[in-house]
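> Below is the structure I would like to discuss, written out as structure tokens.
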Amino acid sequence: MTLPRVLITAPSSGSGKTLVTCGILQALVNRGLRVASFKCGPDYIDPMFHSRVIGTRSKNLDPYFVDDPTLRYLFSRTAEECDISVIEGVMGFYDGIRVDSDEASSCQVSLKLDTPAVLIINGRGTSISALAVLKGFLEFRENNIRGVIFNRMSKKVFDTLRPAVEAMGVRALGYVPNVGDLVLESRHLGLVMPSEIEELREKLNSLAEVLEGTLDIDALIELAGDVPDLEYTAPEVPRIDGPVRIGLAVDETFCFTYEDNIELLRRCGAEIVEFSPMHDAELPDVDGIILSGGYPELHAAELCANRGMMDDIRRRIADRMPCIAECGGFMYLHETMVDAEGAEHRMCGVIPGRVANTGKLARFGYVTLTPCHNGMVPKGTSVRGHEFHYWDSDNCGDSWSALKTNGTEYLCMHDTGLLMAGYPHLYYYSNPEVPYRFLERCRTYRGERSGTQ
């Protein structure tokens with residue numbers, strides 16, 4: 001199946017990937033194209049910016065989490081519904097899971113999906129040296145680099161360099177002038193949330209208008225269409241026997257959820273019911289809940305003020321309702337949490353302990369997780385995920401072992417068999433058995449409530 005696609009990448013973080021990607025997405029949408037967007041790696045926030053542009057949820061593509069056939073499936077099942085797909089890279093083009101490796105890098109995604117890559121080179125304070133950067137990336141190792149965009153460069157410099165770029169066999173797709181008023185700013189978890197950028201839609205349309213004048217969008221579309229067919233099959237997943245309703249926390253706080261995790265739960269037979277711990281008075285009629293990550297430290301006062309929801313969650317978990325809580329959701333279950341201003345707030349009280357800002361990344365990176373005893377899943381099961389947080393707990397748990405890609409190992413997470421809570425974000429497609437076991441627990445709880453078991 002022919003699926004037009006292109007990957008936007010750069011030599012390093014901070015080169016303008018997200019800015020340029022969002023501008024290109026907006027320009028394509030403004031042309032009336034049906035656009036799919038993806039983000040390499042585990043990041044949650046960049047896909048939120050993409051989603052504001054294309055109007056549907058953006059997805060993640062991460063070769064560390066899944067094998068090659070699953071990666072092709074996760075890409076293709078979304079891409080086949082659209083006219084063109086744009087994939088934003090992560091970090092530098094060749095940067096992988098370790099300092100000395102390109103494993104799971106944007107380059108590897110490009111190769112595994114037979115996708116042409118467009119390199120964004122930061123042209124600020126440079127001219128001909130930008131050609132040396134391009135030449136180095138082209139010759140370093142096998143790659144699919146087919147085009148280049150120079151960010152923060154003038155038309156005069158770009159026109160001068162263009163013949164040399166094309167002599168390297170690469171399409172010079174254009175330049176991005178200085179657009180300082182449209183820059184997406186940084187915060188402790190990466191980029192600020194899309195909802196926090198004033199008049200985001202107007203800014204993105206302004207950016208798209210600029211790019212229509214400085215980039216060859218037609219050439220980019222042509223490049224995306226010059227790709228081989230991509231075949232895939234859907235991986236087998238276990239399916240629950242009987243109805244199960246899963247409450248998924250979704251609001252301004254709980255917004256770090258992999259779309260593919262939810263899709264997998266549905267494939268396993270779950271009905272997803274969204275609720276808001278910030279705004280709803282109590283839980284809906286569900287058989288289990290998932291509290292995803294997000295920014296509880298920014299909304300601690302509002303969460304604390306909604307005592308009805310907190311009391312209901314605590315009561316239902318005590319009544320054996322299964323629950324998965326990750327990072328921000330794990331923080332929410334604690335007794336107390338210190339917010340971003342230093343004020344302390346009562347939380348749900350399910351997990352004994354206190355959460356506070358450490359002022360630095362407490363733990364960061366990919367992990368392979370295995371339970372130390374039989375709990376939500378049997379001992380010996382493994383699932384992959386990642387951690388990225390500045391707030392830390394004085395009671396992180398010791399039910400699971402986390403192995404980082406550099407060989408470091410540590411204990412984490414609470415697992416009672418019904419409650420699985422900790423800082424790691426899990427990627428369900430790395431082992432569908434994990435969400436399936438959760439759904440089994442939820443089905444049992446449903447039977448106990450109805451008196452059928």
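Residues in the structure tokens are numbered from 1 in each chain, the chains being A, B, ... in the order shown, and ligands are numbered from 1 in the order shown.
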Can you list, as a list in words, every protein, DNA or RNA residue that comes within 8 Å of Tyr429 of chain A when you count only C-alpha atoms, leaving out same-chain residues fewer than 5 positions away?
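These residues fall inside the cut-off: Phe65, Val66, Asp260, Asn261 and Leu264 of chain A.
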> Quick one: DSSP strand (DSSP E) residues in segment 13-227 of chain A, as an mmCIF file with N, CA and C atoms, in the first residue's frame?

```
data_model
loop_
_atom_site.group_PDB
_atom_site.id
_atom_site.type_symbol
_atom_site.label_atom_id
_atom_site.label_comp_id
_atom_site.auth_asym_id
_atom_site.auth_seq_id
_atom_site.Cartn_x
_atom_site.Cartn_y
_atom_site.Cartn_z
ATOM 1 N N VAL A 35 -4.402 14.929 6.861
ATOM 2 C CA VAL A 35 -3.027 14.787 7.335
ATOM 3 C C VAL A 35 -2.984 13.944 8.602
ATOM 4 N N ALA A 36 -2.064 12.992 8.639
ATOM 5 C CA ALA A 36 -1.764 12.235 9.853
ATOM 6 C C ALA A 36 -0.415 12.706 10.380
ATOM 7 N N SER A 37 -0.272 12.741 11.698
ATOM 8 C CA SER A 37 1.008 13.159 12.272
ATOM 9 C C SER A 37 1.451 12.171 13.331
ATOM 10 N N PHE A 38 2.771 12.074 13.473
ATOM 11 C CA PHE A 38 3.394 11.140 14.409
ATOM 12 C C PHE A 38 4.595 11.816 15.054
ATOM 13 N N LYS A 39 4.983 11.293 16.214
ATOM 14 C CA LYS A 39 6.184 11.750 16.903
ATOM 15 C C LYS A 39 7.055 10.544 17.212
ATOM 16 N N CYS A 40 8.332 10.599 16.829
ATOM 17 C CA CYS A 40 9.269 9.553 17.213
ATOM 18 C C CYS A 40 9.541 9.649 18.712
ATOM 19 N N LYS A 59 0.019 10.383 16.987
ATOM 20 C CA LYS A 59 0.477 9.108 17.540
ATOM 21 C C LYS A 59 2.000 9.103 17.734
ATOM 22 N N ASN A 60 2.471 8.156 18.527
ATOM 23 C CA ASN A 60 3.899 7.977 18.755
ATOM 24 C C ASN A 60 4.415 6.776 17.977
ATOM 25 N N LEU A 61 5.669 6.854 17.544
ATOM 26 C CA LEU A 61 6.360 5.749 16.885
ATOM 27 C C LEU A 61 7.694 5.548 17.595
ATOM 28 N N ILE A 84 -1.499 12.233 3.477
ATOM 29 C CA ILE A 84 -0.065 12.375 3.716
ATOM 30 C C ILE A 84 0.190 12.275 5.212
ATOM 31 N N SER A 85 1.343 11.717 5.572
ATOM 32 C CA SER A 85 1.730 11.590 6.977
ATOM 33 C C SER A 85 3.037 12.338 7.212
ATOM 34 N N VAL A 86 3.079 13.070 8.318
ATOM 35 C CA VAL A 86 4.282 13.801 8.710
ATOM 36 C C VAL A 86 4.740 13.264 10.060
ATOM 37 N N ILE A 87 5.989 12.820 10.114
ATOM 38 C CA ILE A 87 6.565 12.260 11.342
ATOM 39 C C ILE A 87 7.613 13.239 11.868
ATOM 40 N N GLU A 88 7.473 13.663 13.113
ATOM 41 C CA GLU A 88 8.498 14.517 13.716
ATOM 42 C C GLU A 88 9.511 13.651 14.455
ATOM 43 N N ALA A 117 13.633 11.428 4.795
ATOM 44 C CA ALA A 117 13.849 12.347 5.907
ATOM 45 C C ALA A 117 14.251 13.718 5.378
ATOM 46 N N VAL A 118 13.736 14.754 6.034
ATOM 47 C CA VAL A 118 14.107 16.138 5.728
ATOM 48 C C VAL A 118 14.836 16.688 6.940
ATOM 49 N N LEU A 119 16.084 17.095 6.741
ATOM 50 C CA LEU A 119 16.927 17.577 7.829
ATOM 51 C C LEU A 119 16.754 19.083 8.001
ATOM 52 N N ILE A 120 16.408 19.508 9.200
ATOM 53 C CA ILE A 120 16.328 20.935 9.529
ATOM 54 C C ILE A 120 17.653 21.348 10.154
ATOM 55 N N ILE A 121 18.344 22.259 9.521
ATOM 56 C CA ILE A 121 19.636 22.732 10.020
ATOM 57 C C ILE A 121 19.477 24.166 10.505
ATOM 58 N N ASN A 122 19.867 24.395 11.741
ATOM 59 C CA ASN A 122 19.796 25.735 12.311
ATOM 60 C C ASN A 122 20.848 26.622 11.647
ATOM 61 N N ILE A 145 18.017 10.568 4.200
ATOM 62 C CA ILE A 145 17.933 12.023 4.081
ATOM 63 C C ILE A 145 17.781 12.398 2.603
ATOM 64 N N ARG A 146 16.659 13.033 2.284
ATOM 65 C CA ARG A 146 16.377 13.385 0.887
ATOM 66 C C ARG A 146 16.160 14.886 0.694
ATOM 67 N N GLY A 147 16.023 15.618 1.788
ATOM 68 C CA GLY A 147 15.786 17.047 1.675
ATOM 69 C C GLY A 147 16.335 17.796 2.867
ATOM 70 N N VAL A 148 16.467 19.119 2.726
ATOM 71 C CA VAL A 148 16.968 19.946 3.820
ATOM 72 C C VAL A 148 16.199 21.256 3.868
ATOM 73 N N ILE A 149 15.947 21.722 5.094
ATOM 74 C CA ILE A 149 15.360 23.034 5.350
ATOM 75 C C ILE A 149 16.292 23.764 6.307
ATOM 76 N N PHE A 150 16.623 25.008 5.983
ATOM 77 C CA PHE A 150 17.490 25.800 6.857
ATOM 78 C C PHE A 150 16.622 26.714 7.719
ATOM 79 N N ASN A 151 16.727 26.536 9.022
ATOM 80 C CA ASN A 151 15.934 27.343 9.954
ATOM 81 C C ASN A 151 16.717 28.589 10.361
ATOM 82 N N ARG A 171 17.329 17.648 -1.965
ATOM 83 C CA ARG A 171 16.427 18.733 -2.322
ATOM 84 C C ARG A 171 16.556 19.880 -1.321
ATOM 85 N N ALA A 172 16.830 21.059 -1.830
ATOM 86 C CA ALA A 172 16.834 22.255 -0.992
ATOM 87 C C ALA A 172 15.395 22.762 -0.932
ATOM 88 N N LEU A 173 14.691 22.408 0.156
ATOM 89 C CA LEU A 173 13.257 22.665 0.239
ATOM 90 C C LEU A 173 12.918 24.063 0.718
ATOM 91 N N GLY A 174 13.929 24.827 1.141
ATOM 92 C CA GLY A 174 13.668 26.201 1.522
ATOM 93 C C GLY A 174 14.286 26.581 2.847
ATOM 94 N N TYR A 175 13.838 27.708 3.349
ATOM 95 C CA TYR A 175 14.387 28.259 4.582
ATOM 96 C C TYR A 175 13.247 28.798 5.435
ATOM 97 N N VAL A 176 13.526 28.964 6.723
ATOM 98 C CA VAL A 176 12.570 29.574 7.652
ATOM 99 C C VAL A 176 13.236 30.824 8.219
ATOM 100 N N SER A 186 10.000 26.551 26.258
ATOM 101 C CA SER A 186 10.307 25.357 27.029
ATOM 102 C C SER A 186 9.763 25.455 28.446
ATOM 103 N N ARG A 187 9.585 24.265 29.049
ATOM 104 C CA ARG A 187 9.228 24.155 30.447
ATOM 105 C C ARG A 187 9.836 22.861 30.993
ATOM 106 N N GLY A 190 9.553 19.690 28.893
ATOM 107 C CA GLY A 190 9.691 19.858 27.452
ATOM 108 C C GLY A 190 9.079 21.156 27.009
ATOM 109 N N LEU A 191 8.025 21.080 26.204
ATOM 110 C CA LEU A 191 7.349 22.272 25.703
ATOM 111 C C LEU A 191 6.173 22.610 26.595
#
```
> Might you pull out every residue within 9 Å of Arg320 of chain A, with only C-alpha atoms counted and same-chain residues fewer than 4 positions away left off, and present them as a list of chain:residue names?
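Result of the neighbour search: A:Arg315, A:Arg316, A:Leu418, A:Leu419, A:Tyr445.
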> Smallest atom-to-atom distance to Val377 of chain A: which of A:Gly422, A:Gly359, A:Gly55, A:Pro435, using only C-alpha atoms?
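For Val377 of chain A, the nearest of the candidates is A:Pro435.
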> Expressed in Å to a single decimal, how great is the separation between atom CA of Ser58 of chain A and atom CA of Tyr258 of chain A?
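If I compute the distance from atom CA of Ser58 of chain A to atom CA of Tyr258 of chain A, I get 9.3 Å.
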> Can you check which parts of segment 289-399 of chain A lie within 10 Å of segment 279-284 of chain A? Per residue, the shortest pair of atoms and distance in Å to one decimal, counting only C-alpha atoms, sorted by chain and number, as a Markdown table.

```
| residue | atom | partner | partner_atom | distance |
| --- | --- | --- | --- | --- |
| A:Ile289 | CA | A:Leu283 | CA | 9.0 |
| A:Glu302 | CA | A:His279 | CA | 8.5 |
| A:Leu303 | CA | A:His279 | CA | 8.4 |
| A:Ala305 | CA | A:His279 | CA | 9.9 |
| A:Asn306 | CA | A:Ala281 | CA | 7.0 |
| A:Arg307 | CA | A:Ala281 | CA | 8.2 |
| A:Gly308 | CA | A:Ala281 | CA | 5.5 |
| A:Met309 | CA | A:Glu282 | CA | 4.4 |
| A:Met310 | CA | A:Glu282 | CA | 8.0 |
| A:Asp311 | CA | A:Glu282 | CA | 8.3 |
| A:Asp312 | CA | A:Glu282 | CA | 5.9 |
| A:Ile313 | CA | A:Leu283 | CA | 7.1 |
| A:Arg316 | CA | A:Leu283 | CA | 8.9 |
```
> Report, in Å with one decimal, the straight-line distance from atom CA of Gly288 of chain A to atom CA of Thr444 of chain A.
10.3 Å
> Atom CA of Asn144 of chain A and atom CA of Leu220 of chain A, how far apart in Å?
14.3 Å
> If you count only C-alpha atoms, which residues fall within 8 Å of segment 90-97 of chain A, apart from same-chain ones fewer than 4 positions away, as a PDB file with N, CA and C atoms, in the first residue's frame?

```pdb
ATOM      1  N   THR A   9      13.409  15.978  10.724  1.00  0.00           N
ATOM      2  CA  THR A   9      14.420  15.703  11.724  1.00  0.00           C
ATOM      3  C   THR A   9      15.424  16.856  11.785  1.00  0.00           C
ATOM      4  N   ALA A  10      16.435  16.710  12.641  1.00  0.00           N
ATOM      5  CA  ALA A  10      17.418  17.780  12.830  1.00  0.00           C
ATOM      6  C   ALA A  10      18.680  17.194  13.452  1.00  0.00           C
ATOM      7  N   PRO A  11      19.788  17.942  13.417  1.00  0.00           N
ATOM      8  CA  PRO A  11      21.019  17.461  14.062  1.00  0.00           C
ATOM      9  C   PRO A  11      20.915  17.356  15.575  1.00  0.00           C
ATOM     10  N   SER A  12      20.011  18.131  16.200  1.00  0.00           N
ATOM     11  CA  SER A  12      19.921  18.124  17.661  1.00  0.00           C
ATOM     12  C   SER A  12      18.579  18.696  18.102  1.00  0.00           C
ATOM     13  N   SER A  13      18.278  18.493  19.365  1.00  0.00           N
ATOM     14  CA  SER A  13      17.122  19.175  19.951  1.00  0.00           C
ATOM     15  C   SER A  13      17.377  20.676  19.927  1.00  0.00           C
ATOM     16  N   LYS A  39       4.983  11.293  16.214  1.00  0.00           N
ATOM     17  CA  LYS A  39       6.184  11.750  16.903  1.00  0.00           C
ATOM     18  C   LYS A  39       7.055  10.544  17.212  1.00  0.00           C
ATOM     19  N   CYS A  40       8.332  10.599  16.829  1.00  0.00           N
ATOM     20  CA  CYS A  40       9.269   9.553  17.213  1.00  0.00           C
ATOM     21  C   CYS A  40       9.541   9.649  18.712  1.00  0.00           C
ATOM     22  N   GLY A  41       9.686   8.498  19.356  1.00  0.00           N
ATOM     23  CA  GLY A  41      10.036   8.491  20.772  1.00  0.00           C
ATOM     24  C   GLY A  41       8.823   8.525  21.673  1.00  0.00           C
ATOM     25  N   TYR A  64      11.995   1.322  20.254  1.00  0.00           N
ATOM     26  CA  TYR A  64      12.399   0.689  21.510  1.00  0.00           C
ATOM     27  C   TYR A  64      11.233  -0.082  22.111  1.00  0.00           C
ATOM     28  N   SER A 101      24.809   4.801  20.519  1.00  0.00           N
ATOM     29  CA  SER A 101      23.964   3.963  19.680  1.00  0.00           C
ATOM     30  C   SER A 101      22.912   4.788  18.944  1.00  0.00           C
ATOM     31  N   ASP A 102      22.563   4.319  17.718  1.00  0.00           N
ATOM     32  CA  ASP A 102      21.440   4.938  17.008  1.00  0.00           C
ATOM     33  C   ASP A 102      20.201   4.060  17.067  1.00  0.00           C
ATOM     34  N   GLU A 103      20.204   3.060  17.949  1.00  0.00           N
ATOM     35  CA  GLU A 103      19.037   2.204  18.123  1.00  0.00           C
ATOM     36  C   GLU A 103      17.841   3.029  18.585  1.00  0.00           C
ATOM     37  N   ALA A 104      16.703   2.834  17.936  1.00  0.00           N
ATOM     38  CA  ALA A 104      15.449   3.541  18.234  1.00  0.00           C
ATOM     39  C   ALA A 104      15.524   5.029  17.905  1.00  0.00           C
ATOM     40  N   SER A 105      16.470   5.435  17.085  1.00  0.00           N
ATOM     41  CA  SER A 105      16.610   6.841  16.691  1.00  0.00           C
ATOM     42  C   SER A 105      15.625   7.197  15.594  1.00  0.00           C
ATOM     43  N   SER A 106      15.545   8.494  15.287  1.00  0.00           N
ATOM     44  CA  SER A 106      14.728   8.951  14.158  1.00  0.00           C
ATOM     45  C   SER A 106      15.227   8.339  12.858  1.00  0.00           C
ATOM     46  N   CYS A 107      16.538   8.187  12.734  1.00  0.00           N
ATOM     47  CA  CYS A 107      17.109   7.544  11.545  1.00  0.00           C
ATOM     48  C   CYS A 107      16.571   6.132  11.387  1.00  0.00           C
ATOM     49  N   GLN A 108      16.493   5.399  12.496  1.00  0.00           N
ATOM     50  CA  GLN A 108      16.006   4.029  12.426  1.00  0.00           C
ATOM     51  C   GLN A 108      14.516   3.990  12.062  1.00  0.00           C
ATOM     52  N   TYR A 366      14.398   5.299  29.125  1.00  0.00           N
ATOM     53  CA  TYR A 366      13.702   4.060  28.851  1.00  0.00           C
ATOM     54  C   TYR A 366      13.999   3.029  29.934  1.00  0.00           C
ATOM     55  N   THR A 405      18.569   1.278  29.896  1.00  0.00           N
ATOM     56  CA  THR A 405      19.351   0.838  28.747  1.00  0.00           C
ATOM     57  C   THR A 405      20.854   0.883  29.000  1.00  0.00           C
TER      58      THR A 405
END
```
> Could you list, as number ranges by chain, every residue within 12 Å of Glu433 of chain A, counting only C-alpha atoms and ignoring same-chain residues fewer than 6 positions away?
A: 236-240, 264-265, 268, 376-378, 380-383, 427, 439-440
> Got a sec to tell me which of segment 88-302 of chain A DSSP assigns to alpha helix (DSSP H), as a PyMOL selection string?
chain A and resi 106-112+129-140+155-167+200-214+217-225+259-267+300-302
> Excluding Phe330 of chain A and residues on its chain fewer than 3 positions from it, collect all residues at most 9 Å away from it, counting only C-alpha atoms, and give them as a VMD selection string.
chain A and resid 291 to 293 324 to 327 333 to 334 351 421 to 423
> Could you please take those selected residues and save N, CA and C atoms as an mmCIF file, in the first residue's frame?

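Generated output (again.cif):
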```
data_model
loop_
_atom_site.group_PDB
_atom_site.id
_atom_site.type_symbol
_atom_site.label_atom_id
_atom_site.label_comp_id
_atom_site.auth_asym_id
_atom_site.auth_seq_id
_atom_site.Cartn_x
_atom_site.Cartn_y
_atom_site.Cartn_z
ATOM 1 N N LEU A 291 -5.326 6.122 35.637
ATOM 2 C CA LEU A 291 -4.918 7.501 35.919
ATOM 3 C C LEU A 291 -3.586 7.738 35.220
ATOM 4 N N SER A 292 -3.630 8.401 34.085
ATOM 5 C CA SER A 292 -2.423 8.637 33.297
ATOM 6 C C SER A 292 -1.612 9.794 33.874
ATOM 7 N N GLY A 293 -0.488 10.073 33.242
ATOM 8 C CA GLY A 293 0.370 11.164 33.684
ATOM 9 C C GLY A 293 -0.156 12.519 33.247
ATOM 10 N N ILE A 324 -4.751 1.299 37.438
ATOM 11 C CA ILE A 324 -3.384 1.556 36.965
ATOM 12 C C ILE A 324 -3.157 3.056 37.048
ATOM 13 N N ALA A 325 -2.092 3.455 37.728
ATOM 14 C CA ALA A 325 -1.770 4.883 37.868
ATOM 15 C C ALA A 325 -0.312 5.094 37.496
ATOM 16 N N GLU A 326 -0.066 6.038 36.586
ATOM 17 C CA GLU A 326 1.277 6.301 36.076
ATOM 18 C C GLU A 326 1.674 7.745 36.323
ATOM 19 N N CYS A 327 2.857 7.951 36.855
ATOM 20 C CA CYS A 327 3.478 9.260 37.009
ATOM 21 C C CYS A 327 2.519 10.255 37.673
ATOM 22 N N LEU A 333 -2.509 9.848 43.746
ATOM 23 C CA LEU A 333 -2.964 8.867 44.720
ATOM 24 C C LEU A 333 -2.285 9.016 46.082
ATOM 25 N N HIS A 334 -1.256 9.838 46.186
ATOM 26 C CA HIS A 334 -0.528 9.993 47.447
ATOM 27 C C HIS A 334 -1.368 10.688 48.519
ATOM 28 N N ILE A 351 -1.916 5.997 48.417
ATOM 29 C CA ILE A 351 -0.502 5.664 48.584
ATOM 30 C C ILE A 351 0.043 6.462 49.764
ATOM 31 N N ALA A 421 0.749 1.005 40.553
ATOM 32 C CA ALA A 421 0.970 2.451 40.542
ATOM 33 C C ALA A 421 2.441 2.767 40.702
ATOM 34 N N GLY A 422 2.934 3.689 39.871
ATOM 35 C CA GLY A 422 4.328 4.106 39.953
ATOM 36 C C GLY A 422 4.633 5.168 38.924
ATOM 37 N N TYR A 423 5.879 5.600 38.906
ATOM 38 C CA TYR A 423 6.268 6.655 37.973
ATOM 39 C C TYR A 423 6.393 6.211 36.515
#
```
> Using only C-alpha atoms, find the one residue out of A:Val286, A:Leu223, A:Met331, A:Val6 that sits nearest to Val109 of chain A.
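The answer is A:Val6, which sits nearest to Val109 of chain A.
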> Show me, as a list in words, the residues that have an atom within 9 Å of Cys396 of chain A when counting only C-alpha atoms, minus same-chain residues fewer than 2 positions from it.
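My list of contacting residues is Gly353, Asp392, Ser393, Asp394, Asp398, Leu411, Cys412, Met413, His414, Ala421, Gly422 and Tyr423 of chain A.
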> For the residues in that selection, give me N, CA and C atoms as a short mmCIF file (atom, residue, chain, number, x, y, z; two decimals), in the first residue's frame.

```
data_model
loop_
_atom_site.label_atom_id
_atom_site.label_comp_id
_atom_site.auth_asym_id
_atom_site.auth_seq_id
_atom_site.Cartn_x
_atom_site.Cartn_y
_atom_site.Cartn_z
N GLY A 353 2.49 8.57 51.76
CA GLY A 353 3.69 9.29 51.36
C GLY A 353 3.42 10.68 50.84
N ASP A 392 9.17 13.93 42.87
CA ASP A 392 9.45 12.55 43.27
C ASP A 392 8.73 12.24 44.58
N SER A 393 8.56 10.96 44.84
CA SER A 393 7.86 10.47 46.02
C SER A 393 8.85 9.91 47.03
N ASP A 394 8.46 9.98 48.31
CA ASP A 394 9.26 9.31 49.34
C ASP A 394 8.81 7.86 49.52
N ASP A 398 8.41 -0.90 45.62
CA ASP A 398 9.49 -1.86 45.35
C ASP A 398 8.95 -3.17 44.78
N LEU A 411 14.42 -0.53 41.97
CA LEU A 411 13.08 -0.99 42.29
C LEU A 411 12.10 0.18 42.22
N CYS A 412 10.88 -0.12 41.85
CA CYS A 412 9.86 0.92 41.73
C CYS A 412 8.48 0.30 41.75
N MET A 413 7.47 1.12 41.82
CA MET A 413 6.06 0.76 41.67
C MET A 413 5.49 -0.01 42.86
N HIS A 414 4.20 0.24 43.07
CA HIS A 414 3.39 -0.51 44.03
C HIS A 414 2.50 -1.45 43.23
N ALA A 421 0.75 1.00 40.55
CA ALA A 421 0.97 2.45 40.54
C ALA A 421 2.44 2.77 40.70
N GLY A 422 2.93 3.69 39.87
CA GLY A 422 4.33 4.11 39.95
C GLY A 422 4.63 5.17 38.92
N TYR A 423 5.88 5.60 38.91
CA TYR A 423 6.27 6.66 37.97
C TYR A 423 6.39 6.21 36.51
#
```
> For Val350 of chain A, which residue among A:Pro371, A:Trp391, A:Val99, A:Met420 is the nearest when counting only C-alpha atoms?
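The closest residue to Val350 of chain A is A:Met420.
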